[in-house]
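Colleague: Sending over work.cif (mmCIF, C-alpha atoms).
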```cif
data_target
#
loop_
_atom_site.group_PDB
_atom_site.id
_atom_site.type_symbol
_atom_site.label_atom_id
_atom_site.label_comp_id
_atom_site.auth_asym_id
_atom_site.auth_seq_id
_atom_site.Cartn_x
_atom_site.Cartn_y
_atom_site.Cartn_z
ATOM 1 C CA LEU A 1 39.405 57.338 0.818
ATOM 2 C CA GLY A 2 42.382 59.363 2.000
ATOM 3 C CA CYS A 3 42.379 57.609 5.367
ATOM 4 C CA LEU A 4 42.156 54.215 3.622
ATOM 5 C CA GLU A 5 45.125 55.037 1.395
ATOM 6 C CA CYS A 6 47.097 56.165 4.434
ATOM 7 C CA CYS A 7 46.323 52.913 6.273
ATOM 8 C CA ILE A 8 47.300 50.835 3.232
ATOM 9 C CA LYS A 9 50.548 52.786 2.920
ATOM 10 C CA CYS A 10 51.325 52.260 6.616
ATOM 11 C CA LEU A 11 50.546 48.533 6.426
ATOM 12 C CA GLY A 12 52.707 48.248 3.330
ATOM 13 C CA GLY A 13 55.663 49.737 5.192
ATOM 14 C CA ILE A 14 55.613 47.137 7.988
ATOM 15 C CA PRO A 15 58.438 44.574 7.728
ATOM 16 C CA TYR A 16 56.267 41.503 8.240
ATOM 17 C CA PRO A 17 59.137 38.947 8.369
ATOM 18 C CA SER A 18 60.788 40.938 11.163
ATOM 19 C CA LEU A 19 57.418 41.329 12.891
ATOM 20 C CA ILE A 20 56.789 37.562 12.815
ATOM 21 C CA ALA A 21 60.289 36.856 14.134
ATOM 22 C CA THR A 22 59.818 39.435 16.915
ATOM 23 C CA ILE A 23 56.490 37.925 18.000
ATOM 24 C CA LEU A 24 58.068 34.454 18.015
ATOM 25 C CA LEU A 25 61.056 35.742 19.985
ATOM 26 C CA TYR A 26 58.875 37.466 22.595
ATOM 27 C CA ALA A 27 56.651 34.391 22.935
ATOM 28 C CA GLY A 28 59.648 32.073 23.331
ATOM 29 C CA VAL A 29 61.475 34.305 25.812
ATOM 30 C CA ALA A 30 58.295 34.890 27.842
ATOM 31 C CA LEU A 31 57.571 31.150 27.938
ATOM 32 C CA PHE A 32 61.143 30.304 28.900
ATOM 33 C CA CYS A 33 61.507 32.994 31.552
ATOM 34 C CA GLY A 34 58.055 32.644 33.116
ATOM 35 C CA CYS A 35 57.891 28.849 33.174
ATOM 36 C CA GLY A 36 61.568 28.520 34.064
ATOM 37 C CA HIS A 37 61.220 30.862 37.030
ATOM 38 C CA GLU A 38 58.181 29.025 38.399
ATOM 39 C CA ALA A 39 59.782 25.618 37.755
ATOM 40 C CA LEU A 40 62.848 26.644 39.767
ATOM 41 C CA SER A 41 60.593 27.765 42.621
ATOM 42 C CA GLY A 42 58.823 24.392 42.480
ATOM 43 C CA THR A 43 62.198 22.638 42.574
ATOM 44 C CA VAL A 44 63.093 24.494 45.763
ATOM 45 C CA THR A 45 59.783 23.409 47.321
ATOM 46 C CA ILE A 46 60.339 19.751 46.368
ATOM 47 C CA LEU A 47 63.887 19.708 47.718
ATOM 48 C CA GLN A 48 62.855 21.283 51.017
ATOM 49 C CA ASN A 49 59.634 19.344 51.632
ATOM 50 C CA TYR A 50 60.459 15.852 50.405
ATOM 51 C CA PHE A 51 64.257 15.531 50.366
ATOM 52 C CA GLU A 52 64.810 17.723 53.454
ATOM 53 C CA VAL A 53 67.585 19.695 51.759
ATOM 54 C CA VAL A 54 68.285 22.869 53.745
ATOM 55 C CA ARG A 55 69.969 26.036 52.666
ATOM 56 C CA SER A 56 73.576 26.320 53.765
ATOM 57 C CA PRO A 57 73.952 28.739 56.710
ATOM 58 C CA VAL A 58 77.263 30.014 55.347
ATOM 59 C CA ASP A 59 77.761 31.856 52.100
ATOM 60 C CA ALA A 60 78.413 28.728 50.032
ATOM 61 C CA LEU A 61 77.545 27.769 46.481
ATOM 62 C CA ASP A 62 74.813 25.225 47.200
ATOM 63 C CA VAL A 63 71.861 24.256 45.029
ATOM 64 C CA PHE A 64 69.650 27.054 46.413
ATOM 65 C CA THR A 65 72.277 29.702 45.657
ATOM 66 C CA MET A 66 72.612 28.359 42.119
ATOM 67 C CA ILE A 67 68.850 28.513 41.663
ATOM 68 C CA ASP A 68 68.832 32.138 42.858
ATOM 69 C CA ILE A 69 71.609 32.969 40.386
ATOM 70 C CA ILE A 70 69.691 31.336 37.533
ATOM 71 C CA LYS A 71 66.604 33.349 38.482
ATOM 72 C CA TYR A 72 68.579 36.601 38.262
ATOM 73 C CA VAL A 73 69.921 35.475 34.884
ATOM 74 C CA ILE A 74 66.331 34.900 33.760
ATOM 75 C CA TYR A 75 65.433 38.467 34.763
ATOM 76 C CA GLY A 76 68.341 39.778 32.697
ATOM 77 C CA VAL A 77 67.474 37.614 29.701
ATOM 78 C CA ALA A 78 63.851 38.810 29.712
ATOM 79 C CA SER A 79 64.768 42.505 29.780
ATOM 80 C CA ALA A 80 67.706 42.198 27.347
ATOM 81 C CA PHE A 81 65.764 40.378 24.635
ATOM 82 C CA PHE A 82 62.792 42.707 25.024
ATOM 83 C CA VAL A 83 65.107 45.567 24.046
ATOM 84 C CA TYR A 84 66.853 43.492 21.373
ATOM 85 C CA GLY A 85 63.539 42.631 19.720
ATOM 86 C CA ILE A 86 62.680 46.336 19.507
ATOM 87 C CA LEU A 87 66.085 47.115 17.979
ATOM 88 C CA LEU A 88 65.644 44.409 15.339
ATOM 89 C CA MET A 89 62.188 45.730 14.479
ATOM 90 C CA VAL A 90 63.575 49.253 14.077
ATOM 91 C CA GLU A 91 66.365 47.894 11.870
ATOM 92 C CA GLY A 92 63.743 46.092 9.792
ATOM 93 C CA PHE A 93 61.764 49.317 9.318
ATOM 94 C CA PHE A 94 64.828 51.274 8.229
ATOM 95 C CA THR A 95 66.053 48.538 5.895
ATOM 96 C CA SER A 96 62.613 48.179 4.302
ATOM 97 C CA GLY A 97 62.486 51.950 3.869
ATOM 98 C CA ALA A 98 65.912 51.917 2.254
ATOM 99 C CA ILE A 99 64.842 49.243 -0.226
ATOM 100 C CA LYS A 100 61.494 50.797 -1.098
ATOM 101 C CA ASP A 101 62.950 54.303 -1.478
ATOM 102 C CA LEU A 102 65.881 53.103 -3.572
ATOM 103 C CA TYR A 103 65.133 55.449 -6.422
ATOM 104 C CA GLY A 104 64.024 58.320 -4.226
ATOM 105 C CA ASP A 105 65.876 60.799 -2.069
ATOM 106 C CA PHE A 106 66.704 58.226 0.602
ATOM 107 C CA LYS A 107 70.425 57.414 0.634
ATOM 108 C CA ILE A 108 71.877 54.261 2.150
ATOM 109 C CA THR A 109 74.873 55.228 4.238
ATOM 110 C CA THR A 110 77.932 53.197 5.089
ATOM 111 C CA CYS A 111 76.900 53.379 8.743
ATOM 112 C CA GLY A 112 73.597 51.692 7.894
ATOM 113 C CA ARG A 113 75.383 48.823 6.171
ATOM 114 C CA CYS A 114 77.719 48.407 9.147
ATOM 115 C CA VAL A 115 74.745 48.319 11.529
ATOM 116 C CA SER A 116 73.098 45.573 9.446
ATOM 117 C CA ALA A 117 76.313 43.535 9.445
ATOM 118 C CA TRP A 118 76.664 44.032 13.205
ATOM 119 C CA PHE A 119 73.106 42.788 13.798
ATOM 120 C CA ILE A 120 73.796 39.681 11.693
ATOM 121 C CA MET A 121 76.885 38.841 13.756
ATOM 122 C CA LEU A 122 75.124 39.570 17.063
ATOM 123 C CA THR A 123 72.062 37.517 16.121
ATOM 124 C CA TYR A 124 74.286 34.586 15.145
ATOM 125 C CA ILE A 125 75.989 34.723 18.560
ATOM 126 C CA PHE A 126 72.613 34.870 20.315
ATOM 127 C CA MET A 127 71.413 31.887 18.275
ATOM 128 C CA LEU A 128 74.389 29.848 19.514
ATOM 129 C CA ALA A 129 73.688 31.059 23.062
ATOM 130 C CA TRP A 130 70.048 29.962 22.845
ATOM 131 C CA LEU A 131 71.149 26.575 21.534
ATOM 132 C CA GLY A 132 73.225 26.234 24.703
ATOM 133 C CA VAL A 133 70.273 27.365 26.824
ATOM 134 C CA THR A 134 68.055 24.787 25.126
ATOM 135 C CA ALA A 135 70.577 22.038 25.848
ATOM 136 C CA PHE A 136 70.897 23.197 29.465
ATOM 137 C CA THR A 137 67.104 23.311 29.913
ATOM 138 C CA SER A 138 66.796 19.728 28.670
ATOM 139 C CA LEU A 139 68.755 18.528 31.734
ATOM 140 C CA PRO A 140 66.030 19.244 34.354
ATOM 141 C CA VAL A 141 63.457 17.829 31.932
ATOM 142 C CA PHE A 142 65.495 14.613 31.810
ATOM 143 C CA ILE A 143 65.839 14.553 35.621
ATOM 144 C CA TYR A 144 62.134 15.076 36.235
ATOM 145 C CA PHE A 145 61.267 12.513 33.580
ATOM 146 C CA ASN A 146 63.360 9.975 35.498
ATOM 147 C CA ILE A 147 61.613 10.894 38.747
ATOM 148 C CA TRP A 148 58.213 10.629 37.065
ATOM 149 C CA SER A 149 59.172 7.227 35.595
ATOM 150 C CA ILE A 150 60.271 5.945 39.019
ATOM 151 C CA CYS A 151 56.967 7.093 40.524
ATOM 152 C CA GLN A 152 55.032 5.313 37.775
ATOM 153 C CA ASN A 153 57.043 2.103 38.086
ATOM 154 C CA ALA A 154 56.765 2.089 41.868
ATOM 155 C CA THR A 155 52.974 2.044 41.656
ATOM 156 C CA VAL A 156 52.928 -0.674 38.985
ATOM 157 C CA LEU A 157 55.680 -2.971 40.285
ATOM 158 C CA GLU A 158 54.951 -3.902 43.849
ATOM 159 C CA GLY A 159 57.725 -5.177 46.077
ATOM 160 C CA THR A 160 60.502 -3.401 44.158
ATOM 161 C CA THR A 161 62.950 -1.080 45.849
ATOM 162 C CA LEU A 162 63.195 2.119 43.830
ATOM 163 C CA CYS A 163 64.978 5.103 45.330
ATOM 164 C CA LEU A 164 65.545 8.731 44.422
ATOM 165 C CA ASP A 165 68.957 10.087 45.347
ATOM 166 C CA PRO A 166 69.719 13.756 44.505
ATOM 167 C CA ARG A 167 73.426 12.975 44.840
ATOM 168 C CA GLN A 168 73.240 11.290 41.437
ATOM 169 C CA TYR A 169 72.580 14.660 39.808
ATOM 170 C CA GLY A 170 75.066 16.674 41.845
ATOM 171 C CA ILE A 171 72.318 18.547 43.686
ATOM 172 C CA VAL A 172 73.704 17.778 47.137
ATOM 173 C CA ALA A 173 77.143 16.753 48.365
ATOM 174 C CA ILE A 174 78.200 13.116 48.278
ATOM 175 C CA SER A 175 78.473 13.012 52.067
ATOM 176 C CA GLU A 176 74.803 14.000 52.515
ATOM 177 C CA ALA A 177 72.367 11.102 52.251
ATOM 178 C CA LYS A 178 68.983 12.469 51.122
ATOM 179 C CA THR A 179 67.570 9.312 49.577
ATOM 180 C CA VAL A 180 63.802 8.821 49.291
ATOM 181 C CA CYS A 181 62.761 5.235 48.498
ATOM 182 C CA ALA A 182 59.524 3.633 47.442
ATOM 183 C CA GLY A 183 57.366 2.506 50.331
ATOM 184 C CA SER A 184 58.043 5.554 52.450
ATOM 185 C CA GLU A 185 55.380 8.119 53.152
ATOM 186 C CA LYS A 186 57.412 10.963 51.654
ATOM 187 C CA PHE A 187 57.867 9.060 48.405
ATOM 188 C CA TYR A 188 54.146 8.572 47.834
ATOM 189 C CA LYS A 189 53.350 12.114 48.922
ATOM 190 C CA MET A 190 55.872 13.491 46.446
ATOM 191 C CA CYS A 191 54.624 11.303 43.588
ATOM 192 C CA GLU A 192 51.010 12.317 44.274
ATOM 193 C CA SER A 193 51.803 15.990 44.847
ATOM 194 C CA THR A 194 50.904 18.704 42.383
ATOM 195 C CA GLU A 195 54.366 20.274 42.784
ATOM 196 C CA LEU A 196 56.094 17.414 40.999
ATOM 197 C CA ASP A 197 53.635 17.271 38.118
ATOM 198 C CA MET A 198 53.486 21.045 37.731
ATOM 199 C CA THR A 199 57.258 21.520 37.907
ATOM 200 C CA PHE A 200 57.812 18.790 35.327
ATOM 201 C CA HIS A 201 55.402 20.390 32.862
ATOM 202 C CA LEU A 202 56.776 23.875 33.538
ATOM 203 C CA PHE A 203 60.272 22.707 32.616
ATOM 204 C CA ILE A 204 58.863 21.195 29.421
ATOM 205 C CA CYS A 205 57.238 24.555 28.583
ATOM 206 C CA ALA A 206 60.507 26.348 29.345
ATOM 207 C CA LEU A 207 62.303 23.967 26.968
ATOM 208 C CA ALA A 208 59.700 24.710 24.296
ATOM 209 C CA GLY A 209 60.208 28.452 24.851
ATOM 210 C CA ALA A 210 63.970 28.116 24.432
ATOM 211 C CA GLY A 211 63.400 26.170 21.211
ATOM 212 C CA ALA A 212 61.054 28.896 19.962
ATOM 213 C CA ALA A 213 63.732 31.498 20.702
ATOM 214 C CA VAL A 214 66.229 29.478 18.635
ATOM 215 C CA ILE A 215 63.756 29.364 15.731
ATOM 216 C CA ALA A 216 63.221 33.123 16.081
ATOM 217 C CA MET A 217 66.978 33.734 15.940
ATOM 218 C CA ILE A 218 67.243 31.594 12.788
ATOM 219 C CA HIS A 219 64.320 33.523 11.272
ATOM 220 C CA TYR A 220 66.042 36.800 12.135
ATOM 221 C CA LEU A 221 69.247 35.578 10.497
ATOM 222 C CA MET A 222 67.375 34.830 7.273
ATOM 223 C CA VAL A 223 65.645 38.222 7.343
ATOM 224 C CA LEU A 224 68.825 40.146 8.150
ATOM 225 C CA SER A 225 70.833 38.288 5.504
ATOM 226 C CA ALA A 226 68.180 38.999 2.877
ATOM 227 C CA ASN A 227 68.038 42.658 3.886
ATOM 228 C CA TRP A 228 71.838 42.845 3.777
ATOM 229 C CA ALA A 229 71.824 41.451 0.227
ATOM 230 C CA TYR A 230 69.118 43.920 -0.827
ATOM 231 C CA VAL A 231 70.951 46.838 0.744
ATOM 232 C CA LYS A 232 74.214 45.810 -0.918
ATOM 233 C CA ASP A 233 72.457 45.608 -4.280
ATOM 234 C CA ALA A 234 70.803 48.952 -3.580
ATOM 235 C CA CYS A 235 74.196 50.536 -2.950
ATOM 236 C CA ARG A 236 75.439 49.277 -6.301
ATOM 237 C CA MET A 237 72.335 50.629 -8.009
ATOM 238 C CA GLN A 238 72.856 53.985 -6.361
ATOM 239 C CA LYS A 239 76.455 54.131 -7.562
ATOM 240 C CA TYR A 240 75.317 53.150 -11.061
ATOM 241 C CA GLU A 241 72.629 55.839 -11.077
ATOM 242 C CA ASP A 242 75.094 58.468 -9.839
ATOM 243 C CA ILE A 243 77.651 57.562 -12.510
ATOM 244 C CA LYS A 244 74.966 57.475 -15.181
ATOM 245 C CA SER A 245 73.557 60.879 -14.227
ATOM 246 C CA LYS A 246 77.077 62.324 -14.095
ATOM 247 C CA GLU A 247 77.906 61.017 -17.577
ATOM 248 C CA GLU A 248 74.623 62.318 -18.941
ATOM 249 C CA GLN A 249 75.350 65.726 -17.436
ATOM 250 C CA GLU A 250 78.833 65.731 -18.981
ATOM 251 C CA LEU A 251 77.431 64.753 -22.388
ATOM 252 C CA HIS A 252 74.824 67.488 -22.071
ATOM 253 C CA ASP A 253 77.507 70.044 -21.199
ATOM 254 C CA ILE A 254 79.671 68.926 -24.135
ATOM 255 C CA HIS A 255 76.721 69.108 -26.502
ATOM 256 C CA SER A 256 75.799 72.562 -25.250
ATOM 257 C CA THR A 257 79.399 73.790 -25.652
ATOM 258 C CA ARG A 258 79.647 72.480 -29.201
ATOM 259 C CA SER A 259 76.300 74.011 -30.115
ATOM 260 C CA LYS A 260 77.477 77.383 -28.854
ATOM 261 C CA GLU A 261 80.757 77.068 -30.787
ATOM 262 C CA ARG A 262 78.896 76.236 -34.005
ATOM 263 C CA LEU A 263 76.522 79.136 -33.497
ATOM 264 C CA ASN A 264 79.403 81.529 -32.926
ATOM 265 C CA ALA A 265 81.230 80.230 -35.990
ATOM 266 C CA TYR A 266 78.090 80.643 -38.144
ATOM 267 C CA THR A 267 77.513 84.187 -36.976
#
```
Please lay out the structure from this file as structure tokens.

Modeller:
Amino acid sequence: LGCLECCIKCLGGIPYPSLIATILLYAGVALFCGCGHEALSGTVTILQNYFEVVRSPVDALDVFTMIDIIKYVIYGVASAFFVYGILLMVEGFFTSGAIKDLYGDFKITTCGRCVSAWFIMLTYIFMLAWLGVTAFTSLPVFIYFNIWSICQNATVLEGTTLCLDPRQYGIVAISEAKTVCAGSEKFYKMCESTELDMTFHLFICALAGAGAAVIAMIHYLMVLSANWAYVKDACRMQKYEDIKSKEEQELHDIHSTRSKERLNAYT
């Protein structure tokens, strides 16, 4: 029975809204980082095998260098939001404890209120950042959807000249002609390859992960705002209780003083 009561007490102290938002954040970030990393690797393979794009021998900002930079950014995003999710969970535990122990010995400090306000501002900034990431991730999805559509139309419409030119998307320089047209062996190999299909679906999963991260940030904002309102109300209640207890103590002291004066006057 004692162990059961302890388990119920522990489960009751878990901030479930923060826990749900943390799970959603971790799932979204893991989906975005994992699928995005593999999709970028598949993009490199497609560019090298079918469009014959080579890495620049000099230290220039070509498409391969940009992909490497994005991969390093993905590593940083994964580690940063793993830590940030833990911090938000800890903040949820402390805020829940402050609310539940409002009438106990637990005191809500000014530092705690400032930390809650700081998390609200930081989470709002991260939500805007993830909205930008979601918009940026939709670009390769759009590009691969166009490539997939051209491959489908080339097999249905015979005799048409459909070409894929990476210069249209700024992947290679204008002076470099890397066009792959329908009817060539490379075109059909690329359309039938697993790299194209897999990379396309990986980018879609990465886009879904970024969207899940946005939803998690919005969920965190709702939780943090509600906790901030509860903490603010708790501070007012604490001030009210302190003033009330102080007035009661003063009235008790006055009553005791008058009682002593009456007793002395009677004697």

Colleague: Which residue is closest to Leu164 of chain A? Choose from A:Ala208, A:Ile254, A:Cys33, A:Ile147 and count all atoms listed in the file.

Modeller: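 Selected residue with least distance to Leu164 of chain A: A:Ile147.
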
Colleague: Between A:Tyr188, A:Tyr230, A:Phe145, A:Phe203, which residue has the minimum interatomic distance to Tyr50 of chain A, considering all atoms listed in the file?

Modeller: A:Tyr188

Colleague: Choose the residue, out of A:Ala21, A:Tyr144, A:Trp118, A:Leu61, that has the smallest atom-to-atom separation from Thr199 of chain A; count all atoms listed in the file.

Modeller: A:Tyr144

Colleague: Evaluated on this file, the PyMOL selection byres ((chain A and resi 138) around 10) picks out some residues - which ones are they, written as a VMD selection string?

Modeller: chain A and resid 132 to 137 139 to 143 203 to 204 206 to 208 210

Colleague: What is the atom CA of Pro15 of chain A-atom CA of Leu224 of chain A distance in Å, reported with one decimal?

Modeller: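 Taking atom CA of Pro15 of chain A and atom CA of Leu224 of chain A, their separation equals 11.3 Å.
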
Colleague: Can you tell me which residues surround Gly92 of chain A at a distance of at most 12 Å, considering only C-alpha atoms, apart from same-chain residues fewer than 6 positions away, and format the answer as an mmCIF file with C-alpha atoms, keeping the file's coordinate frame?

Modeller:
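Saved as result_33.cif:
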```cif
data_model
loop_
_atom_site.group_PDB
_atom_site.id
_atom_site.type_symbol
_atom_site.label_atom_id
_atom_site.label_comp_id
_atom_site.auth_asym_id
_atom_site.auth_seq_id
_atom_site.Cartn_x
_atom_site.Cartn_y
_atom_site.Cartn_z
ATOM 1 C CA GLY A 13 55.663 49.737 5.192
ATOM 2 C CA ILE A 14 55.613 47.137 7.988
ATOM 3 C CA PRO A 15 58.438 44.574 7.728
ATOM 4 C CA TYR A 16 56.267 41.503 8.240
ATOM 5 C CA PRO A 17 59.137 38.947 8.369
ATOM 6 C CA SER A 18 60.788 40.938 11.163
ATOM 7 C CA LEU A 19 57.418 41.329 12.891
ATOM 8 C CA ILE A 20 56.789 37.562 12.815
ATOM 9 C CA ALA A 21 60.289 36.856 14.134
ATOM 10 C CA THR A 22 59.818 39.435 16.915
ATOM 11 C CA GLY A 85 63.539 42.631 19.720
ATOM 12 C CA ILE A 86 62.680 46.336 19.507
ATOM 13 C CA ALA A 98 65.912 51.917 2.254
ATOM 14 C CA ILE A 99 64.842 49.243 -0.226
ATOM 15 C CA GLY A 112 73.597 51.692 7.894
ATOM 16 C CA VAL A 115 74.745 48.319 11.529
ATOM 17 C CA SER A 116 73.098 45.573 9.446
ATOM 18 C CA PHE A 119 73.106 42.788 13.798
ATOM 19 C CA TYR A 220 66.042 36.800 12.135
ATOM 20 C CA LEU A 221 69.247 35.578 10.497
ATOM 21 C CA VAL A 223 65.645 38.222 7.343
ATOM 22 C CA LEU A 224 68.825 40.146 8.150
ATOM 23 C CA SER A 225 70.833 38.288 5.504
ATOM 24 C CA ALA A 226 68.180 38.999 2.877
ATOM 25 C CA ASN A 227 68.038 42.658 3.886
ATOM 26 C CA TRP A 228 71.838 42.845 3.777
ATOM 27 C CA VAL A 231 70.951 46.838 0.744
#
```

Colleague: What does the distance between atom CA of Leu40 of chain A and atom CA of Phe64 of chain A come to in Å, to one decimal place?

Modeller: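 So the answer is 9.5 Å.
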
Colleague: Could N, CA and C atoms be built for segment 24-51 of chain A and written out as a PDB file, keeping the file's coordinate frame?

Modeller:
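Written file, result-v2.pdb:
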```pdb
ATOM      1  N   LEU A  24      57.588  35.777  17.619  1.00  0.00           N
ATOM      2  CA  LEU A  24      58.068  34.454  18.015  1.00  0.00           C
ATOM      3  C   LEU A  24      59.139  34.551  19.098  1.00  0.00           C
ATOM      4  N   LEU A  25      60.016  35.550  18.970  1.00  0.00           N
ATOM      5  CA  LEU A  25      61.056  35.742  19.985  1.00  0.00           C
ATOM      6  C   LEU A  25      60.448  36.111  21.328  1.00  0.00           C
ATOM      7  N   TYR A  26      59.509  37.057  21.335  1.00  0.00           N
ATOM      8  CA  TYR A  26      58.875  37.466  22.595  1.00  0.00           C
ATOM      9  C   TYR A  26      58.111  36.301  23.225  1.00  0.00           C
ATOM     10  N   ALA A  27      57.405  35.527  22.397  1.00  0.00           N
ATOM     11  CA  ALA A  27      56.651  34.391  22.935  1.00  0.00           C
ATOM     12  C   ALA A  27      57.603  33.351  23.533  1.00  0.00           C
ATOM     13  N   GLY A  28      58.699  33.056  22.824  1.00  0.00           N
ATOM     14  CA  GLY A  28      59.648  32.073  23.331  1.00  0.00           C
ATOM     15  C   GLY A  28      60.344  32.526  24.603  1.00  0.00           C
ATOM     16  N   VAL A  29      60.782  33.790  24.624  1.00  0.00           N
ATOM     17  CA  VAL A  29      61.475  34.305  25.812  1.00  0.00           C
ATOM     18  C   VAL A  29      60.517  34.382  27.000  1.00  0.00           C
ATOM     19  N   ALA A  30      59.276  34.818  26.753  1.00  0.00           N
ATOM     20  CA  ALA A  30      58.295  34.890  27.842  1.00  0.00           C
ATOM     21  C   ALA A  30      57.987  33.499  28.389  1.00  0.00           C
ATOM     22  N   LEU A  31      57.852  32.522  27.498  1.00  0.00           N
ATOM     23  CA  LEU A  31      57.571  31.150  27.938  1.00  0.00           C
ATOM     24  C   LEU A  31      58.752  30.584  28.718  1.00  0.00           C
ATOM     25  N   PHE A  32      59.965  30.827  28.217  1.00  0.00           N
ATOM     26  CA  PHE A  32      61.143  30.304  28.900  1.00  0.00           C
ATOM     27  C   PHE A  32      61.337  30.962  30.262  1.00  0.00           C
ATOM     28  N   CYS A  33      61.242  32.282  30.299  1.00  0.00           N
ATOM     29  CA  CYS A  33      61.507  32.994  31.552  1.00  0.00           C
ATOM     30  C   CYS A  33      60.417  32.744  32.588  1.00  0.00           C
ATOM     31  N   GLY A  34      59.146  32.828  32.171  1.00  0.00           N
ATOM     32  CA  GLY A  34      58.055  32.644  33.116  1.00  0.00           C
ATOM     33  C   GLY A  34      57.986  31.218  33.648  1.00  0.00           C
ATOM     34  N   CYS A  35      57.979  30.250  32.735  1.00  0.00           N
ATOM     35  CA  CYS A  35      57.891  28.849  33.174  1.00  0.00           C
ATOM     36  C   CYS A  35      59.169  28.412  33.880  1.00  0.00           C
ATOM     37  N   GLY A  36      60.316  28.880  33.403  1.00  0.00           N
ATOM     38  CA  GLY A  36      61.568  28.520  34.064  1.00  0.00           C
ATOM     39  C   GLY A  36      61.650  29.045  35.479  1.00  0.00           C
ATOM     40  N   HIS A  37      61.196  30.273  35.682  1.00  0.00           N
ATOM     41  CA  HIS A  37      61.220  30.862  37.030  1.00  0.00           C
ATOM     42  C   HIS A  37      60.321  30.073  37.984  1.00  0.00           C
ATOM     43  N   GLU A  38      59.097  29.765  37.547  1.00  0.00           N
ATOM     44  CA  GLU A  38      58.181  29.025  38.399  1.00  0.00           C
ATOM     45  C   GLU A  38      58.644  27.588  38.614  1.00  0.00           C
ATOM     46  N   ALA A  39      59.278  26.980  37.601  1.00  0.00           N
ATOM     47  CA  ALA A  39      59.782  25.618  37.755  1.00  0.00           C
ATOM     48  C   ALA A  39      60.923  25.572  38.771  1.00  0.00           C
ATOM     49  N   LEU A  40      61.772  26.587  38.776  1.00  0.00           N
ATOM     50  CA  LEU A  40      62.848  26.644  39.767  1.00  0.00           C
ATOM     51  C   LEU A  40      62.284  26.808  41.177  1.00  0.00           C
ATOM     52  N   SER A  41      61.233  27.622  41.312  1.00  0.00           N
ATOM     53  CA  SER A  41      60.593  27.765  42.621  1.00  0.00           C
ATOM     54  C   SER A  41      59.974  26.442  43.075  1.00  0.00           C
ATOM     55  N   GLY A  42      59.362  25.705  42.134  1.00  0.00           N
ATOM     56  CA  GLY A  42      58.823  24.392  42.480  1.00  0.00           C
ATOM     57  C   GLY A  42      59.907  23.406  42.859  1.00  0.00           C
ATOM     58  N   THR A  43      61.071  23.507  42.222  1.00  0.00           N
ATOM     59  CA  THR A  43      62.198  22.638  42.574  1.00  0.00           C
ATOM     60  C   THR A  43      62.659  22.886  44.003  1.00  0.00           C
ATOM     61  N   VAL A  44      62.718  24.151  44.385  1.00  0.00           N
ATOM     62  CA  VAL A  44      63.093  24.494  45.763  1.00  0.00           C
ATOM     63  C   VAL A  44      62.103  23.885  46.755  1.00  0.00           C
ATOM     64  N   THR A  45      60.813  23.981  46.436  1.00  0.00           N
ATOM     65  CA  THR A  45      59.783  23.409  47.321  1.00  0.00           C
ATOM     66  C   THR A  45      59.930  21.896  47.448  1.00  0.00           C
ATOM     67  N   ILE A  46      60.185  21.212  46.332  1.00  0.00           N
ATOM     68  CA  ILE A  46      60.339  19.751  46.368  1.00  0.00           C
ATOM     69  C   ILE A  46      61.566  19.352  47.179  1.00  0.00           C
ATOM     70  N   LEU A  47      62.666  20.044  46.982  1.00  0.00           N
ATOM     71  CA  LEU A  47      63.887  19.708  47.718  1.00  0.00           C
ATOM     72  C   LEU A  47      63.714  19.919  49.225  1.00  0.00           C
ATOM     73  N   GLN A  48      63.022  20.985  49.596  1.00  0.00           N
ATOM     74  CA  GLN A  48      62.855  21.283  51.017  1.00  0.00           C
ATOM     75  C   GLN A  48      61.815  20.380  51.679  1.00  0.00           C
ATOM     76  N   ASN A  49      60.724  20.077  50.995  1.00  0.00           N
ATOM     77  CA  ASN A  49      59.634  19.344  51.632  1.00  0.00           C
ATOM     78  C   ASN A  49      59.829  17.828  51.625  1.00  0.00           C
ATOM     79  N   TYR A  50      60.416  17.303  50.549  1.00  0.00           N
ATOM     80  CA  TYR A  50      60.459  15.852  50.405  1.00  0.00           C
ATOM     81  C   TYR A  50      61.869  15.266  50.552  1.00  0.00           C
ATOM     82  N   PHE A  51      62.882  16.026  50.209  1.00  0.00           N
ATOM     83  CA  PHE A  51      64.257  15.531  50.366  1.00  0.00           C
ATOM     84  C   PHE A  51      64.962  16.150  51.575  1.00  0.00           C
TER      85      PHE A  51
END
```
